[in-house]
>>> print(open('entry_10.txt').read())   # compact mmCIF, C-alpha atoms
# COMPACT_ATOMS: atom_id res chain seq x y z
CA MET A 350 -4.99 -27.27 83.78
CA ILE A 351 -5.99 -25.65 80.47
CA THR A 352 -5.24 -28.90 78.63
CA VAL A 353 -7.47 -30.84 81.03
CA ILE A 354 -10.28 -28.30 80.61
CA LYS A 355 -9.98 -28.49 76.82
CA ARG A 356 -10.24 -32.28 76.94
CA ILE A 357 -13.45 -31.98 78.93
CA ILE A 358 -15.02 -29.16 76.92
CA SER A 359 -13.89 -30.17 73.41
CA PRO A 360 -16.44 -33.00 72.91
CA ILE A 361 -19.23 -30.64 74.01
CA LEU A 362 -18.08 -27.88 71.66
CA ILE A 363 -17.69 -30.31 68.77
CA PHE A 364 -21.24 -31.56 69.35
CA ILE A 365 -22.63 -28.01 69.46
CA LEU A 366 -20.67 -26.96 66.38
CA SER A 367 -21.74 -30.01 64.42
CA LYS A 368 -25.37 -29.15 65.14
CA TYR A 369 -24.89 -25.48 64.28
CA LEU A 370 -23.02 -26.14 61.05
CA ARG A 371 -25.60 -28.55 59.65
CA ASN A 372 -27.34 -25.55 58.11
CA GLU A 373 -25.96 -22.91 55.77
CA ARG A 374 -24.66 -19.90 57.68
CA VAL A 375 -23.61 -16.36 56.76
CA TYR A 376 -20.51 -14.53 57.95
CA SER A 377 -19.43 -10.93 57.34
CA TYR A 378 -16.01 -9.30 57.55
CA GLU A 379 -15.73 -5.61 56.73
CA LYS A 380 -17.75 -5.31 53.49
CA ILE A 381 -17.42 -8.98 52.56
CA LYS A 382 -20.34 -11.34 53.18
CA VAL A 383 -19.95 -15.07 52.59
CA ALA A 384 -22.26 -18.03 52.78
CA VAL A 385 -20.83 -21.02 54.62
CA PHE A 386 -22.23 -24.30 53.33
CA PRO A 387 -22.76 -27.20 55.78
CA GLY A 388 -19.43 -28.90 56.39
CA VAL A 389 -17.33 -26.01 55.06
CA PHE A 390 -14.82 -24.43 57.46
CA HIS A 391 -16.54 -21.47 59.14
CA PRO A 392 -14.19 -18.44 59.22
CA GLY A 393 -16.04 -16.74 62.05
CA LEU A 394 -16.04 -19.57 64.56
CA PHE A 395 -12.28 -20.11 64.71
CA PHE A 396 -9.43 -17.71 65.38
CA SER A 397 -7.11 -18.69 62.53
CA THR A 398 -8.94 -16.90 59.70
CA LYS A 399 -9.25 -13.66 61.68
CA ILE A 400 -5.55 -13.75 62.56
CA LEU A 401 -4.65 -14.20 58.89
CA LEU A 402 -6.98 -11.41 57.78
CA ASN A 403 -5.54 -9.03 60.36
CA HIS A 404 -2.00 -9.85 59.26
CA LEU A 405 -2.77 -9.44 55.56
CA THR A 406 -3.45 -5.74 56.12
CA GLU A 407 0.34 -5.33 56.30
CA TYR A 408 0.85 -6.24 52.62
CA ASN A 409 0.29 -4.43 49.36
CA PHE A 410 -1.64 -6.82 47.12
CA PHE A 411 -2.09 -4.52 44.13
CA GLU A 412 -1.45 -6.56 40.98
CA LYS A 413 0.13 -9.37 43.02
CA LYS A 414 -0.62 -13.01 42.23
CA VAL A 415 -2.12 -14.81 45.23
CA LEU A 416 -2.90 -18.49 45.77
CA GLU A 417 -5.11 -19.51 48.67
CA LEU A 418 -4.53 -23.22 49.08
CA GLY A 419 -7.58 -24.82 50.67
CA ALA A 420 -9.78 -21.75 50.44
CA GLY A 421 -12.90 -22.87 52.30
CA SER A 422 -15.53 -20.13 52.15
CA GLY A 423 -13.11 -17.96 50.18
CA ILE A 424 -13.18 -14.96 52.48
CA ILE A 425 -9.40 -14.54 52.37
CA SER A 426 -9.33 -14.87 48.58
CA ILE A 427 -12.09 -12.29 48.23
CA TYR A 428 -10.29 -9.96 50.65
CA CYS A 429 -7.08 -10.13 48.61
CA GLN A 430 -8.95 -9.64 45.32
CA LYS A 431 -10.69 -6.56 46.70
CA ARG A 432 -7.24 -5.14 47.43
CA GLY A 433 -6.16 -5.51 43.83
CA ALA A 434 -4.68 -9.01 43.71
CA PHE A 435 -5.03 -11.61 40.96
CA VAL A 436 -6.32 -14.51 43.02
CA THR A 437 -6.44 -18.27 42.56
CA ALA A 438 -8.49 -20.19 45.15
CA SER A 439 -8.27 -23.97 45.37
CA ASP A 440 -9.75 -26.77 47.41
CA ILE A 441 -9.99 -30.57 47.35
CA SER A 442 -13.72 -30.53 48.12
CA GLU A 443 -16.33 -30.19 45.36
CA LYS A 444 -18.73 -28.77 47.93
CA VAL A 445 -16.21 -26.06 48.79
CA ILE A 446 -15.70 -25.27 45.11
CA LYS A 447 -19.45 -24.66 44.74
CA ASN A 448 -19.33 -22.47 47.86
CA LEU A 449 -16.41 -20.51 46.40
CA HIS A 450 -18.23 -19.89 43.13
CA LEU A 451 -21.27 -18.58 45.00
CA ASN A 452 -19.30 -16.28 47.29
CA SER A 453 -17.12 -14.87 44.54
CA LYS A 454 -20.24 -14.09 42.49
CA VAL A 455 -22.14 -12.50 45.38
CA ASN A 456 -19.13 -10.33 46.25
CA ASN A 457 -18.42 -9.47 42.61
CA ALA A 458 -14.90 -10.86 43.00
CA SER A 459 -13.03 -12.13 39.95
CA ILE A 460 -11.25 -15.23 41.24
CA LYS A 461 -9.84 -18.27 39.46
CA ILE A 462 -11.30 -21.29 41.27
CA ILE A 463 -9.69 -24.72 40.91
CA LEU A 464 -10.62 -28.14 42.27
CA SER A 465 -7.27 -29.57 43.36
CA ASP A 466 -5.62 -31.85 45.89
CA LEU A 467 -2.93 -29.42 47.03
CA PHE A 468 -0.94 -28.41 43.92
CA ASP A 469 -2.05 -31.29 41.65
CA ASN A 470 -4.12 -29.10 39.30
CA ILE A 471 -2.55 -25.71 40.04
CA PRO A 472 -0.66 -24.09 37.14
CA ASP A 473 2.61 -22.34 37.95
CA ASP A 474 1.45 -18.75 37.52
CA GLY A 475 4.42 -17.22 39.32
CA PHE A 476 2.59 -16.56 42.57
CA ASP A 477 3.77 -13.74 44.82
CA PHE A 478 1.81 -15.06 47.82
CA ILE A 479 0.67 -18.51 48.90
CA ILE A 480 -1.67 -18.49 51.90
CA ILE A 481 -2.38 -21.73 53.77
CA ASN A 482 -4.74 -22.39 56.67
CA PRO A 483 -4.26 -26.17 56.65
CA PRO A 484 -6.01 -29.13 58.20
CA TYR A 485 -3.68 -30.34 60.92
CA PHE A 486 -5.27 -33.01 63.09
CA ALA A 487 -3.42 -36.31 62.61
CA LYS A 488 -6.29 -38.50 61.50
CA ASP A 489 -7.22 -39.94 58.12
CA PRO A 490 -10.11 -38.07 56.46
CA ILE A 491 -13.05 -40.31 55.64
CA SER A 492 -15.80 -37.98 54.48
CA GLU A 493 -15.55 -34.92 52.24
CA ASN A 494 -16.09 -32.68 55.26
CA ASP A 495 -13.10 -34.27 57.03
CA TYR A 496 -10.65 -32.65 54.61
CA ALA A 497 -11.16 -29.35 56.43
CA TRP A 498 -9.76 -30.85 59.63
CA TYR A 499 -7.64 -33.97 59.12
CA CYS A 500 -4.21 -34.10 57.50
CA GLY A 501 -3.73 -37.87 57.60
CA ARG A 502 -2.55 -40.13 60.38
CA ASP A 503 1.07 -39.68 59.31
CA LEU A 504 0.68 -36.02 58.30
CA GLU A 505 0.43 -36.98 54.64
CA TYR A 506 -1.00 -33.56 53.78
CA PHE A 507 2.20 -31.83 54.87
CA LYS A 508 4.47 -34.41 53.26
CA LYS A 509 2.78 -33.83 49.92
CA LEU A 510 2.61 -30.07 50.43
CA PHE A 511 6.32 -29.57 50.96
CA LEU A 512 7.23 -32.07 48.27
CA GLN A 513 5.20 -30.10 45.71
CA LEU A 514 6.01 -26.62 46.95
CA GLU A 515 9.42 -26.40 45.28
CA LYS A 516 7.79 -26.21 41.84
CA PHE A 517 6.15 -22.93 42.83
CA GLN A 518 9.15 -21.44 44.58
CA LYS A 519 10.39 -18.08 43.34
CA LYS A 520 12.88 -15.70 44.84
CA LYS A 521 10.54 -13.23 46.52
CA ILE A 522 7.48 -15.37 47.19
CA ILE A 523 5.72 -14.96 50.54
CA ILE A 524 4.30 -18.22 51.90
CA LEU A 525 2.15 -17.88 55.02
CA MET A 526 0.84 -20.75 57.13
CA ILE A 527 -1.10 -20.65 60.37
CA LEU A 528 -1.05 -23.52 62.87
CA SER A 529 -2.36 -24.21 66.36
CA GLU A 530 -0.65 -25.51 69.46
CA ASP A 531 -3.04 -28.46 69.17
CA CYS A 532 -1.20 -29.89 66.17
CA GLN A 533 2.20 -31.58 65.86
CA ILE A 534 4.18 -28.47 64.94
CA ASP A 535 7.59 -30.07 65.58
CA LYS A 536 6.84 -32.94 63.21
CA ILE A 537 5.46 -30.57 60.57
CA GLN A 538 8.59 -28.45 60.82
CA MET A 539 10.73 -31.56 60.40
CA ILE A 540 8.83 -32.49 57.24
CA ALA A 541 9.46 -28.98 55.95
CA LYS A 542 13.15 -29.19 56.86
CA ASN A 543 13.52 -32.49 55.01
CA ASN A 544 12.28 -30.65 51.91
CA ASN A 545 14.61 -27.67 52.41
CA TYR A 546 12.06 -25.35 54.01
CA LYS A 547 12.12 -23.66 57.40
CA PHE A 548 9.50 -21.95 59.56
CA LYS A 549 10.00 -18.34 60.64
CA LEU A 550 7.62 -17.27 63.39
CA VAL A 551 5.78 -14.09 62.44
CA LYS A 552 3.17 -13.92 65.19
CA LYS A 553 2.15 -15.87 68.25
CA ILE A 554 -1.44 -15.16 69.27
CA LYS A 555 -2.83 -16.49 72.54
CA ASN A 556 -6.55 -16.49 73.13
CA TRP A 557 -8.85 -18.03 75.68
CA TRP A 558 -8.89 -21.38 73.87
CA GLU A 559 -5.52 -21.95 72.21
CA VAL A 560 -2.28 -20.49 70.93
CA ASN A 561 -1.99 -19.85 67.20
CA TYR A 562 1.30 -19.51 65.36
CA LEU A 563 1.61 -17.63 62.09
CA PHE A 564 4.66 -18.74 60.13
CA LEU A 565 6.52 -17.49 57.11
CA ILE A 566 7.72 -20.52 55.13
CA GLU A 567 11.18 -19.94 53.68
CA CYS A 568 13.19 -22.02 51.23
CA GLN A 569 16.67 -22.90 52.50
CA LYS A 570 18.20 -23.52 49.08
>>> encode(input="entry_10.txt", output="structure tokens")
Amino acid sequence: MITVIKRIISPILIFILSKYLRNERVYSYEKIKVAVFPGVFHPGLFFSTKILLNHLTEYNFFEKKVLELGAGSGIISIYCQKRGAFVTASDISEKVIKNLHLNSKVNNASIKIILSDLFDNIPDDGFDFIIINPPYFAKDPISENDYAWYCGRDLEYFKKLFLQLEKFQKKKIIILMILSEDCQIDKIQMIAKNNNYKFKLVKKIKNWWEVNYLFLIECQK
């Protein structure tokens, strides 16, 4: 029944969201305030960012090296930096990079910001944390805005991600990824397995719209 309802409501919500997100918006979390440029993933309108932020309170980030891969508005990166982390924030979108620079400046957050398709331009800085809120709908991105949502018809995003991840693997690294029941989790896990990674479920959060799964990504080597 819920699936049927979602199929009916989704087009309406997408239409409303597309209208709402045509203009720059502002979102606040605790003492952090971020601008959200048109087309940039809005952290306040979806559950995944809030779930990640709530979970991150469990870690000590003081003098830890953190990479947020696909940082969007940068609210997670700013949060980690405010807790003492050395943060690198990356994204494939030039629009997002401009948004990140603005938000880091407004929040007086010292963050290294890199334009990069996954790890292509990321130096191996010996990260202690890698945080990923990925695009996961199986459709090829066409516009720049699409990169926030679509991972490729054949899940190319995840194939490249897990192929590149080994270079950044260190013994005690914590890799967090959040996914929704609406994506092909089994196929994504198989891609990870083929690259010697496994998913360990940390939290399962059910809300009125969907179920979100927070995973710890572990190397099997």
>>> closest_residue(input="entry_10.txt", among="A:Gly388, A:Gly393, A:Gly501, A:Gly419", to="A:Phe486", atoms="all atoms listed in the file")
A:Gly501
>>> residues_around(input="entry_10.txt", residues="A:Cys429", least_positions_apart="6", cutoff="12 Å", atoms="only C-alpha atoms", output="PyMOL selection string")
chain A and resi 381+401-417+423+435-438+453+458-460+478-480
>>> residues_around(input="entry_10.txt", residues="A:Cys532", least_positions_apart="3", cutoff="8 Å", atoms="only C-alpha atoms", output="list in words")
Tyr485, Phe486, Ala487, Leu528 and Ser529 of chain A
>>> atom_distance(input="entry_10.txt", atom1="atom CA of A:Pro387", atom2="atom CA of A:Asp469")
25.4 Å
>>> residues_near_point(input="entry_10.txt", point="(13.0, -18.3, 57.0)", cutoff="10 Å", atoms="all atoms listed in the file", output="PyMOL selection string")
chain A and resi 546-551+564-569
>>> atom_distance(input="entry_10.txt", atom1="atom CA of A:Asp477", atom2="atom CA of A:Lys431")
16.3 Å
